[in-house]
Amino acid sequence: MKIKSKILIIAGSDSSGGAGIQADIKTATSLGVYSMTAVTAVTVQNTKGVKSVISIPPNEIYNQIIHTIKDIRPNAIKIGMLHSTKVIDKVLRSLNEMKVKKIILDPVMIAKGGSKLITDSAVRLMKKKLINKVTLITPNVPEAEILTGIKIKNQNDMILAANEFIKLGVPNVLVKGGHLRSKKVNDIFVNKKDVKVFSNRRFNTKNTHGTGCTLSTAITSFFSCGKTLKRSCELGVKYVNSAILTNPKIGKGHGPINHLNSIELKKIYK
């Protein structure tokens, strides 16, 4: 497989390999995309939960980003776990210097097991200064509720929250509906011109660790290759759903999904 494009991933590490930087690299690689990384934090965790979070010094996060892109310029950027205001400040500074146009933000706030991964002050700074600099934000329902203040109980609420993000300066929003109780999982893509619902069957499995990280990186990968943002979201959702369906049943808690399912995806969704 030839490398189709290059992306830079700014996110935390997951020692269990199912989420974070590890899931991001697996996803990009399986989709034919070269990934560079800037690690923001090291988490000690397994499928049953997070034991600890060790912060990388903000200056070193900035240095990782700038030193890397001076040599290899990315076609797109994916941003994941940013746990403090100092980290967000350094990432903002690096974004201003890089001037890369395609930026996807997955506003990681809570781990699958329930552990909090970001401070309240960092949430406020993200809302005030970061989200208006990205091309797409991909919050799940709890994240969208925190950032917009809108209680989400159904699909209409998801669209209301998406429009609130647009008021805050985000041009494109993908609100993920996996946390809502419904027979199908509806992910909704919204911008000023369009509303598109991606509806998929809900699989009866606890093995969904890393789905948010994987989806945002899949979208970034497809988008970096020149596909439209809406098409990138559609393909990313299909990739993740296929990965959930074929999950390897690893671990005693919330197990990982199957990042190697892209071969099947390639055959069906050209």
# chains A, B, ... in the order shown; residues from 1 in each chain; ligands from 1
call {"tool": "residues_around", "arguments": {"residues": "region 235-249 of chain A", "least_positions_apart": "2", "cutoff": "6 Å", "atoms": "only C-alpha atoms", "output": "PyMOL selection string"}}
result
chain A and resi 215+218-219+232-233+257-259+261
call {"tool": "residues_around", "arguments": {"residues": "region 41-46 of chain A", "least_positions_apart": "6", "cutoff": "6 Å", "atoms": "only C-alpha atoms", "output": "list in words"}}
result
Gly12, Ser13, Asp14, Ser15, Ser16, Ser52, Val53, Ile54, Ser55 and Ile56 of chain A
call {"tool": "write_last_selection", "arguments": {"atoms": "C-alpha atoms", "output": "compact mmCIF listing (two decimals), in the first residue's frame"}}
result
# COMPACT_ATOMS: atom_id res chain seq x y z
CA GLY A 12 -2.58 11.45 24.84
CA SER A 13 -1.15 7.95 25.06
CA ASP A 14 -3.16 4.89 26.13
CA SER A 15 -1.00 2.10 27.57
CA SER A 16 -3.70 -0.49 26.76
CA SER A 52 -3.17 7.66 36.46
CA VAL A 53 -2.44 10.49 34.01
CA ILE A 54 1.09 11.87 33.66
CA SER A 55 1.31 15.25 31.95
CA ILE A 56 3.99 16.01 29.36
call {"tool": "select_by_dssp", "arguments": {"residues": "region 16-226 of chain A", "states": "strand (DSSP E or B)", "output": "PDB file with N, CA and C atoms, in the first residue's frame"}}
result
ATOM      1  N   VAL A  33      -2.389   6.120   5.619  1.00  0.00           N
ATOM      2  CA  VAL A  33      -1.939   7.480   5.915  1.00  0.00           C
ATOM      3  C   VAL A  33      -0.765   7.436   6.897  1.00  0.00           C
ATOM      4  N   TYR A  34       0.245   8.265   6.634  1.00  0.00           N
ATOM      5  CA  TYR A  34       1.422   8.354   7.503  1.00  0.00           C
ATOM      6  C   TYR A  34       1.101   9.274   8.672  1.00  0.00           C
ATOM      7  N   SER A  35       1.371   8.816   9.898  1.00  0.00           N
ATOM      8  CA  SER A  35       1.029   9.614  11.075  1.00  0.00           C
ATOM      9  C   SER A  35       2.256  10.046  11.855  1.00  0.00           C
ATOM     10  N   MET A  36       2.297  11.327  12.194  1.00  0.00           N
ATOM     11  CA  MET A  36       3.271  11.890  13.125  1.00  0.00           C
ATOM     12  C   MET A  36       2.518  12.204  14.414  1.00  0.00           C
ATOM     13  N   THR A  37       3.239  12.295  15.529  1.00  0.00           N
ATOM     14  CA  THR A  37       2.539  12.489  16.796  1.00  0.00           C
ATOM     15  C   THR A  37       3.220  13.503  17.702  1.00  0.00           C
ATOM     16  N   ALA A  38       2.402  14.146  18.510  1.00  0.00           N
ATOM     17  CA  ALA A  38       2.861  14.959  19.629  1.00  0.00           C
ATOM     18  C   ALA A  38       2.074  14.468  20.840  1.00  0.00           C
ATOM     19  N   VAL A  39       2.749  13.808  21.768  1.00  0.00           N
ATOM     20  CA  VAL A  39       2.087  13.212  22.930  1.00  0.00           C
ATOM     21  C   VAL A  39       1.852  14.279  24.002  1.00  0.00           C
ATOM     22  N   THR A  40       0.598  14.426  24.423  1.00  0.00           N
ATOM     23  CA  THR A  40       0.247  15.453  25.411  1.00  0.00           C
ATOM     24  C   THR A  40       0.242  14.923  26.836  1.00  0.00           C
ATOM     25  N   ALA A  41       0.011  13.612  26.984  1.00  0.00           N
ATOM     26  CA  ALA A  41      -0.017  12.996  28.315  1.00  0.00           C
ATOM     27  C   ALA A  41       0.179  11.496  28.166  1.00  0.00           C
ATOM     28  N   VAL A  42       0.670  10.872  29.227  1.00  0.00           N
ATOM     29  CA  VAL A  42       0.799   9.417  29.257  1.00  0.00           C
ATOM     30  C   VAL A  42      -0.190   8.900  30.298  1.00  0.00           C
ATOM     31  N   THR A  43      -1.136   8.076  29.869  1.00  0.00           N
ATOM     32  CA  THR A  43      -2.093   7.505  30.810  1.00  0.00           C
ATOM     33  C   THR A  43      -1.691   6.071  31.139  1.00  0.00           C
ATOM     34  N   VAL A  44      -1.870   5.723  32.399  1.00  0.00           N
ATOM     35  CA  VAL A  44      -1.681   4.340  32.835  1.00  0.00           C
ATOM     36  C   VAL A  44      -3.078   3.741  32.928  1.00  0.00           C
ATOM     37  N   GLN A  45      -3.407   2.837  32.022  1.00  0.00           N
ATOM     38  CA  GLN A  45      -4.763   2.301  31.993  1.00  0.00           C
ATOM     39  C   GLN A  45      -4.808   0.931  31.345  1.00  0.00           C
ATOM     40  N   ASN A  46      -5.937   0.261  31.563  1.00  0.00           N
ATOM     41  CA  ASN A  46      -6.246  -0.960  30.831  1.00  0.00           C
ATOM     42  C   ASN A  46      -7.723  -0.904  30.472  1.00  0.00           C
ATOM     43  N   GLY A  49     -10.095   0.575  33.211  1.00  0.00           N
ATOM     44  CA  GLY A  49     -10.106   1.958  33.659  1.00  0.00           C
ATOM     45  C   GLY A  49      -8.743   2.614  33.659  1.00  0.00           C
ATOM     46  N   VAL A  50      -8.740   3.906  34.005  1.00  0.00           N
ATOM     47  CA  VAL A  50      -7.518   4.710  34.045  1.00  0.00           C
ATOM     48  C   VAL A  50      -6.987   4.740  35.479  1.00  0.00           C
ATOM     49  N   LYS A  51      -5.696   4.388  35.651  1.00  0.00           N
ATOM     50  CA  LYS A  51      -5.072   4.408  36.972  1.00  0.00           C
ATOM     51  C   LYS A  51      -4.442   5.760  37.259  1.00  0.00           C
ATOM     52  N   SER A  52      -3.787   6.348  36.258  1.00  0.00           N
ATOM     53  CA  SER A  52      -3.166   7.655  36.456  1.00  0.00           C
ATOM     54  C   SER A  52      -2.928   8.353  35.127  1.00  0.00           C
ATOM     55  N   VAL A  53      -2.738   9.672  35.193  1.00  0.00           N
ATOM     56  CA  VAL A  53      -2.437  10.489  34.014  1.00  0.00           C
ATOM     57  C   VAL A  53      -1.185  11.312  34.313  1.00  0.00           C
ATOM     58  N   ILE A  54      -0.169  11.147  33.484  1.00  0.00           N
ATOM     59  CA  ILE A  54       1.085  11.866  33.660  1.00  0.00           C
ATOM     60  C   ILE A  54       1.212  12.896  32.552  1.00  0.00           C
ATOM     61  N   SER A  55       1.271  14.165  32.921  1.00  0.00           N
ATOM     62  CA  SER A  55       1.314  15.255  31.945  1.00  0.00           C
ATOM     63  C   SER A  55       2.700  15.383  31.328  1.00  0.00           C
ATOM     64  N   ALA A  76      -3.121  17.346   7.233  1.00  0.00           N
ATOM     65  CA  ALA A  76      -4.210  17.634   8.169  1.00  0.00           C
ATOM     66  C   ALA A  76      -3.732  17.340   9.585  1.00  0.00           C
ATOM     67  N   ILE A  77      -4.475  17.872  10.567  1.00  0.00           N
ATOM     68  CA  ILE A  77      -4.134  17.696  11.979  1.00  0.00           C
ATOM     69  C   ILE A  77      -5.345  17.157  12.722  1.00  0.00           C
ATOM     70  N   LYS A  78      -5.089  16.167  13.591  1.00  0.00           N
ATOM     71  CA  LYS A  78      -6.119  15.684  14.506  1.00  0.00           C
ATOM     72  C   LYS A  78      -5.688  16.028  15.926  1.00  0.00           C
ATOM     73  N   ILE A  79      -6.585  16.648  16.692  1.00  0.00           N
ATOM     74  CA  ILE A  79      -6.310  17.008  18.077  1.00  0.00           C
ATOM     75  C   ILE A  79      -7.221  16.199  18.994  1.00  0.00           C
ATOM     76  N   ILE A 103      -8.126  20.940  10.244  1.00  0.00           N
ATOM     77  CA  ILE A 103      -7.919  20.602  11.652  1.00  0.00           C
ATOM     78  C   ILE A 103      -9.194  19.964  12.212  1.00  0.00           C
ATOM     79  N   ILE A 104      -9.051  18.759  12.775  1.00  0.00           N
ATOM     80  CA  ILE A 104     -10.177  18.048  13.380  1.00  0.00           C
ATOM     81  C   ILE A 104      -9.949  17.980  14.885  1.00  0.00           C
ATOM     82  N   LEU A 105     -10.924  18.398  15.676  1.00  0.00           N
ATOM     83  CA  LEU A 105     -10.819  18.379  17.132  1.00  0.00           C
ATOM     84  C   LEU A 105     -11.795  17.378  17.727  1.00  0.00           C
ATOM     85  N   ILE A 110     -13.777  12.638  29.051  1.00  0.00           N
ATOM     86  CA  ILE A 110     -13.993  11.554  30.009  1.00  0.00           C
ATOM     87  C   ILE A 110     -13.621  10.229  29.357  1.00  0.00           C
ATOM     88  N   LYS A 116     -12.134  11.408  34.589  1.00  0.00           N
ATOM     89  CA  LYS A 116     -12.069  12.737  33.992  1.00  0.00           C
ATOM     90  C   LYS A 116     -10.668  12.985  33.440  1.00  0.00           C
ATOM     91  N   LEU A 136     -13.491  21.029  12.014  1.00  0.00           N
ATOM     92  CA  LEU A 136     -14.567  20.144  12.468  1.00  0.00           C
ATOM     93  C   LEU A 136     -14.328  19.786  13.920  1.00  0.00           C
ATOM     94  N   ILE A 137     -15.410  19.745  14.713  1.00  0.00           N
ATOM     95  CA  ILE A 137     -15.357  19.239  16.078  1.00  0.00           C
ATOM     96  C   ILE A 137     -16.248  18.004  16.158  1.00  0.00           C
ATOM     97  N   ASN A 140     -19.027  13.768  21.580  1.00  0.00           N
ATOM     98  CA  ASN A 140     -20.123  12.855  21.877  1.00  0.00           C
ATOM     99  C   ASN A 140     -21.166  13.641  22.661  1.00  0.00           C
ATOM    100  N   ASN A 172     -18.012  23.343  11.068  1.00  0.00           N
ATOM    101  CA  ASN A 172     -18.604  22.013  10.856  1.00  0.00           C
ATOM    102  C   ASN A 172     -18.595  21.232  12.168  1.00  0.00           C
ATOM    103  N   VAL A 173     -19.697  20.492  12.410  1.00  0.00           N
ATOM    104  CA  VAL A 173     -19.853  19.756  13.661  1.00  0.00           C
ATOM    105  C   VAL A 173     -20.357  18.347  13.361  1.00  0.00           C
ATOM    106  N   LEU A 174     -19.782  17.354  14.038  1.00  0.00           N
ATOM    107  CA  LEU A 174     -20.312  15.993  14.002  1.00  0.00           C
ATOM    108  C   LEU A 174     -20.619  15.588  15.435  1.00  0.00           C
ATOM    109  N   VAL A 175     -21.901  15.584  15.798  1.00  0.00           N
ATOM    110  CA  VAL A 175     -22.304  15.172  17.141  1.00  0.00           C
ATOM    111  C   VAL A 175     -22.576  13.671  17.110  1.00  0.00           C
ATOM    112  N   LYS A 176     -21.878  12.929  17.972  1.00  0.00           N
ATOM    113  CA  LYS A 176     -21.970  11.472  17.987  1.00  0.00           C
ATOM    114  C   LYS A 176     -23.063  11.026  18.958  1.00  0.00           C
ATOM    115  N   LYS A 184     -30.885   2.499  17.049  1.00  0.00           N
ATOM    116  CA  LYS A 184     -29.835   2.845  16.100  1.00  0.00           C
ATOM    117  C   LYS A 184     -28.967   3.967  16.667  1.00  0.00           C
ATOM    118  N   VAL A 185     -27.731   4.011  16.198  1.00  0.00           N
ATOM    119  CA  VAL A 185     -26.835   5.093  16.588  1.00  0.00           C
ATOM    120  C   VAL A 185     -26.845   6.141  15.484  1.00  0.00           C
ATOM    121  N   ASN A 186     -27.265   7.338  15.826  1.00  0.00           N
ATOM    122  CA  ASN A 186     -27.325   8.430  14.858  1.00  0.00           C
ATOM    123  C   ASN A 186     -26.231   9.449  15.140  1.00  0.00           C
ATOM    124  N   ASP A 187     -25.327   9.615  14.184  1.00  0.00           N
ATOM    125  CA  ASP A 187     -24.304  10.653  14.247  1.00  0.00           C
ATOM    126  C   ASP A 187     -24.721  11.735  13.262  1.00  0.00           C
ATOM    127  N   ILE A 188     -24.685  12.992  13.705  1.00  0.00           N
ATOM    128  CA  ILE A 188     -25.253  14.069  12.890  1.00  0.00           C
ATOM    129  C   ILE A 188     -24.192  15.094  12.509  1.00  0.00           C
ATOM    130  N   PHE A 189     -24.011  15.278  11.204  1.00  0.00           N
ATOM    131  CA  PHE A 189     -23.090  16.267  10.651  1.00  0.00           C
ATOM    132  C   PHE A 189     -23.869  17.535  10.330  1.00  0.00           C
ATOM    133  N   VAL A 190     -23.394  18.673  10.829  1.00  0.00           N
ATOM    134  CA  VAL A 190     -24.114  19.941  10.653  1.00  0.00           C
ATOM    135  C   VAL A 190     -23.135  21.058  10.291  1.00  0.00           C
ATOM    136  N   VAL A 195     -27.468  19.472   6.931  1.00  0.00           N
ATOM    137  CA  VAL A 195     -27.638  18.573   8.076  1.00  0.00           C
ATOM    138  C   VAL A 195     -27.716  17.159   7.517  1.00  0.00           C
ATOM    139  N   LYS A 196     -26.807  16.300   7.932  1.00  0.00           N
ATOM    140  CA  LYS A 196     -26.767  14.934   7.433  1.00  0.00           C
ATOM    141  C   LYS A 196     -26.708  13.963   8.603  1.00  0.00           C
ATOM    142  N   VAL A 197     -27.636  13.012   8.626  1.00  0.00           N
ATOM    143  CA  VAL A 197     -27.679  12.007   9.687  1.00  0.00           C
ATOM    144  C   VAL A 197     -27.089  10.702   9.170  1.00  0.00           C
ATOM    145  N   PHE A 198     -26.088  10.197   9.878  1.00  0.00           N
ATOM    146  CA  PHE A 198     -25.511   8.890   9.567  1.00  0.00           C
ATOM    147  C   PHE A 198     -26.090   7.907  10.578  1.00  0.00           C
ATOM    148  N   SER A 199     -26.990   7.053  10.113  1.00  0.00           N
ATOM    149  CA  SER A 199     -27.705   6.135  11.003  1.00  0.00           C
ATOM    150  C   SER A 199     -27.175   4.715  10.832  1.00  0.00           C
ATOM    151  N   ASN A 200     -26.811   4.092  11.943  1.00  0.00           N
ATOM    152  CA  ASN A 200     -26.257   2.744  11.896  1.00  0.00           C
ATOM    153  C   ASN A 200     -26.817   1.885  13.023  1.00  0.00           C
ATOM    154  N   ARG A 201     -26.792   0.590  12.796  1.00  0.00           N
ATOM    155  CA  ARG A 201     -27.256  -0.374  13.779  1.00  0.00           C
ATOM    156  C   ARG A 201     -26.393  -0.304  15.052  1.00  0.00           C
ATOM    157  N   HIS A 209     -14.061   0.617  23.365  1.00  0.00           N
ATOM    158  CA  HIS A 209     -12.990   1.500  23.844  1.00  0.00           C
ATOM    159  C   HIS A 209     -12.238   2.125  22.670  1.00  0.00           C
TER     160      HIS A 209
END
call {"tool": "select_by_dssp", "arguments": {"residues": "region 41-201 of chain A", "states": "alpha helix (DSSP H)", "output": "short mmCIF file (atom, residue, chain, number, x, y, z; two decimals) with N, CA, C and O atoms, in the first residue's frame"}}
result
data_model
loop_
_atom_site.label_atom_id
_atom_site.label_comp_id
_atom_site.auth_asym_id
_atom_site.auth_seq_id
_atom_site.Cartn_x
_atom_site.Cartn_y
_atom_site.Cartn_z
N PRO A 58 4.23 21.25 28.88
CA PRO A 58 3.66 21.97 27.72
C PRO A 58 4.70 22.42 26.70
O PRO A 58 4.44 22.36 25.49
N ASN A 59 5.86 22.88 27.15
CA ASN A 59 6.89 23.30 26.20
C ASN A 59 7.36 22.15 25.33
O ASN A 59 7.68 22.34 24.15
N GLU A 60 7.41 20.95 25.91
CA GLU A 60 7.84 19.78 25.13
C GLU A 60 6.77 19.34 24.14
O GLU A 60 7.08 18.78 23.09
N ILE A 61 5.51 19.58 24.47
CA ILE A 61 4.42 19.32 23.51
C ILE A 61 4.58 20.25 22.31
O ILE A 61 4.53 19.82 21.15
N TYR A 62 4.80 21.52 22.62
CA TYR A 62 5.03 22.52 21.56
C TYR A 62 6.24 22.13 20.71
O TYR A 62 6.19 22.18 19.48
N ASN A 63 7.33 21.73 21.37
CA ASN A 63 8.55 21.36 20.64
C ASN A 63 8.34 20.14 19.76
O ASN A 63 8.86 20.07 18.64
N GLN A 64 7.57 19.16 20.25
CA GLN A 64 7.26 17.98 19.44
C GLN A 64 6.58 18.39 18.14
O GLN A 64 6.93 17.92 17.05
N ILE A 65 5.61 19.28 18.28
CA ILE A 65 4.83 19.72 17.11
C ILE A 65 5.71 20.47 16.12
O ILE A 65 5.79 20.12 14.94
N ILE A 66 6.38 21.51 16.60
CA ILE A 66 7.14 22.40 15.72
C ILE A 66 8.33 21.69 15.10
O ILE A 66 8.61 21.82 13.89
N HIS A 67 9.06 20.91 15.89
CA HIS A 67 10.24 20.22 15.37
C HIS A 67 9.83 19.20 14.30
O HIS A 67 10.53 19.03 13.30
N THR A 68 8.70 18.56 14.51
CA THR A 68 8.22 17.56 13.55
C THR A 68 7.80 18.19 12.23
O THR A 68 8.21 17.75 11.15
N ILE A 69 7.00 19.25 12.31
CA ILE A 69 6.45 19.82 11.07
C ILE A 69 7.47 20.63 10.28
O ILE A 69 7.27 20.92 9.11
N LYS A 70 8.60 20.99 10.92
CA LYS A 70 9.67 21.64 10.17
C LYS A 70 10.28 20.68 9.15
O LYS A 70 10.83 21.10 8.13
N ASP A 71 10.17 19.39 9.43
CA ASP A 71 10.74 18.36 8.56
C ASP A 71 9.67 17.73 7.65
O ASP A 71 9.88 17.58 6.46
N THR A 85 -4.95 24.06 30.76
CA THR A 85 -4.92 25.34 30.04
C THR A 85 -3.54 25.59 29.43
O THR A 85 -3.43 26.13 28.33
N LYS A 86 -2.48 25.18 30.13
CA LYS A 86 -1.12 25.40 29.63
C LYS A 86 -0.88 24.60 28.35
O LYS A 86 -0.21 25.07 27.42
N VAL A 87 -1.44 23.39 28.30
CA VAL A 87 -1.31 22.56 27.10
C VAL A 87 -2.07 23.20 25.94
O VAL A 87 -1.55 23.31 24.82
N ILE A 88 -3.27 23.66 26.20
CA ILE A 88 -4.07 24.30 25.14
C ILE A 88 -3.37 25.55 24.63
O ILE A 88 -3.34 25.81 23.42
N ASP A 89 -2.80 26.34 25.53
CA ASP A 89 -2.08 27.55 25.11
C ASP A 89 -0.94 27.22 24.14
O ASP A 89 -0.76 27.90 23.13
N LYS A 90 -0.18 26.17 24.46
CA LYS A 90 0.94 25.79 23.60
C LYS A 90 0.47 25.23 22.27
O LYS A 90 1.07 25.47 21.21
N VAL A 91 -0.62 24.48 22.28
CA VAL A 91 -1.17 23.95 21.03
C VAL A 91 -1.70 25.09 20.16
O VAL A 91 -1.49 25.11 18.94
N LEU A 92 -2.36 26.06 20.78
CA LEU A 92 -2.83 27.24 20.04
C LEU A 92 -1.67 27.97 19.39
O LEU A 92 -1.75 28.37 18.21
N ARG A 93 -0.59 28.15 20.13
CA ARG A 93 0.59 28.82 19.58
C ARG A 93 1.14 28.05 18.38
O ARG A 93 1.47 28.65 17.35
N SER A 94 1.20 26.74 18.50
CA SER A 94 1.73 25.93 17.39
C SER A 94 0.81 25.97 16.18
O SER A 94 1.28 26.03 15.04
N LEU A 95 -0.50 25.98 16.40
CA LEU A 95 -1.45 26.05 15.28
C LEU A 95 -1.29 27.37 14.52
O LEU A 95 -1.35 27.40 13.29
N ASN A 96 -1.08 28.45 15.26
CA ASN A 96 -0.89 29.75 14.62
C ASN A 96 0.38 29.78 13.77
O ASN A 96 0.43 30.44 12.74
N GLU A 97 1.38 29.05 14.21
CA GLU A 97 2.64 29.02 13.46
C GLU A 97 2.58 28.06 12.28
O GLU A 97 3.19 28.32 11.23
N MET A 98 1.83 26.96 12.40
CA MET A 98 1.78 25.94 11.33
C MET A 98 0.94 26.38 10.14
O MET A 98 1.26 26.09 9.00
N ASP A 120 -11.58 21.75 34.48
CA ASP A 120 -12.69 22.66 34.16
C ASP A 120 -12.19 23.93 33.46
O ASP A 120 -12.83 24.44 32.54
N SER A 121 -11.06 24.45 33.93
CA SER A 121 -10.52 25.66 33.32
C SER A 121 -10.08 25.41 31.87
O SER A 121 -10.21 26.28 31.01
N ALA A 122 -9.60 24.19 31.59
CA ALA A 122 -9.22 23.83 30.22
C ALA A 122 -10.44 23.74 29.32
O ALA A 122 -10.38 24.13 28.15
N VAL A 123 -11.54 23.26 29.86
CA VAL A 123 -12.79 23.21 29.09
C VAL A 123 -13.22 24.62 28.70
O VAL A 123 -13.59 24.88 27.55
N ARG A 124 -13.13 25.54 29.64
CA ARG A 124 -13.51 26.94 29.35
C ARG A 124 -12.60 27.56 28.30
O ARG A 124 -13.07 28.27 27.40
N LEU A 125 -11.31 27.29 28.39
CA LEU A 125 -10.38 27.84 27.42
C LEU A 125 -10.58 27.22 26.04
O LEU A 125 -10.51 27.93 25.02
N VAL A 141 -22.24 13.00 23.07
CA VAL A 141 -23.34 13.72 23.73
C VAL A 141 -22.89 14.40 25.03
O VAL A 141 -23.15 15.60 25.22
N PRO A 142 -22.21 13.71 25.96
CA PRO A 142 -21.78 14.40 27.19
C PRO A 142 -20.85 15.58 26.92
O PRO A 142 -20.95 16.62 27.57
N GLU A 143 -19.95 15.44 25.97
CA GLU A 143 -19.03 16.53 25.62
C GLU A 143 -19.77 17.72 25.02
O GLU A 143 -19.49 18.88 25.34
N ALA A 144 -20.73 17.42 24.15
CA ALA A 144 -21.53 18.49 23.54
C ALA A 144 -22.36 19.22 24.60
O ALA A 144 -22.51 20.45 24.55
N GLU A 145 -22.87 18.48 25.58
CA GLU A 145 -23.64 19.11 26.66
C GLU A 145 -22.76 20.05 27.49
O GLU A 145 -23.18 21.16 27.83
N ILE A 146 -21.55 19.61 27.80
CA ILE A 146 -20.63 20.42 28.60
C ILE A 146 -20.24 21.70 27.86
O ILE A 146 -20.23 22.79 28.44
N LEU A 147 -19.94 21.58 26.59
CA LEU A 147 -19.43 22.73 25.82
C LEU A 147 -20.53 23.70 25.38
O LEU A 147 -20.26 24.88 25.19
N THR A 148 -21.77 23.22 25.22
CA THR A 148 -22.84 24.10 24.76
C THR A 148 -23.85 24.46 25.84
O THR A 148 -24.59 25.44 25.70
N GLN A 155 -32.52 13.43 18.88
CA GLN A 155 -31.85 13.90 17.67
C GLN A 155 -32.00 15.41 17.47
O GLN A 155 -31.05 16.08 17.04
N ASN A 156 -33.16 15.95 17.77
CA ASN A 156 -33.36 17.39 17.63
C ASN A 156 -32.44 18.18 18.56
O ASN A 156 -31.92 19.24 18.18
N ASP A 157 -32.24 17.66 19.77
CA ASP A 157 -31.32 18.31 20.71
C ASP A 157 -29.89 18.28 20.18
O ASP A 157 -29.12 19.23 20.38
N MET A 158 -29.52 17.19 19.51
CA MET A 158 -28.18 17.08 18.92
C MET A 158 -27.97 18.18 17.88
O MET A 158 -26.91 18.80 17.81
N ILE A 159 -29.02 18.44 17.08
CA ILE A 159 -28.92 19.47 16.05
C ILE A 159 -28.86 20.86 16.70
O ILE A 159 -28.09 21.74 16.25
N LEU A 160 -29.62 21.07 17.78
CA LEU A 160 -29.55 22.35 18.51
C LEU A 160 -28.15 22.59 19.05
O LEU A 160 -27.61 23.70 18.94
N ALA A 161 -27.55 21.54 19.61
CA ALA A 161 -26.20 21.67 20.15
C ALA A 161 -25.20 21.95 19.04
O ALA A 161 -24.29 22.78 19.19
N ALA A 162 -25.37 21.27 17.89
CA ALA A 162 -24.47 21.50 16.75
C ALA A 162 -24.54 22.95 16.30
O ALA A 162 -23.52 23.59 16.00
N ASN A 163 -25.75 23.50 16.25
CA ASN A 163 -25.91 24.90 15.84
C ASN A 163 -25.32 25.86 16.86
O ASN A 163 -24.86 26.95 16.50
N GLU A 164 -25.31 25.47 18.13
CA GLU A 164 -24.66 26.29 19.15
C GLU A 164 -23.15 26.33 18.93
O GLU A 164 -22.51 27.38 19.08
N PHE A 165 -22.58 25.19 18.53
CA PHE A 165 -21.15 25.16 18.19
C PHE A 165 -20.86 26.10 17.02
O PHE A 165 -19.85 26.80 17.00
N ILE A 166 -21.77 26.10 16.04
CA ILE A 166 -21.59 26.98 14.88
C ILE A 166 -21.61 28.45 15.30
O ILE A 166 -20.83 29.27 14.82
N LYS A 167 -22.48 28.78 16.26
CA LYS A 167 -22.51 30.15 16.80
C LYS A 167 -21.20 30.50 17.49
O LYS A 167 -20.79 31.66 17.52
#
call {"tool": "atom_distance", "arguments": {"atom1": "CA of Lys6 (chain A)", "atom2": "CA of Ala23 (chain A)"}}
result
16.2 Å
call {"tool": "atom_distance", "arguments": {"atom1": "CA of Arg181 (chain A)", "atom2": "CA of Gly149 (chain A)"}}
result
20.0 Å
call {"tool": "closest_residue", "arguments": {"among": "A:Leu180, A:Gly253, A:Pro171, A:Gly210", "to": "Leu229 (chain A)", "atoms": "only C-alpha atoms"}}
result
A:Pro171
call {"tool": "closest_residue", "arguments": {"among": "A:Leu130, A:Leu168, A:Ile7, A:His83", "to": "Thr27 (chain A)", "atoms": "only C-alpha atoms"}}
result
A:Ile7
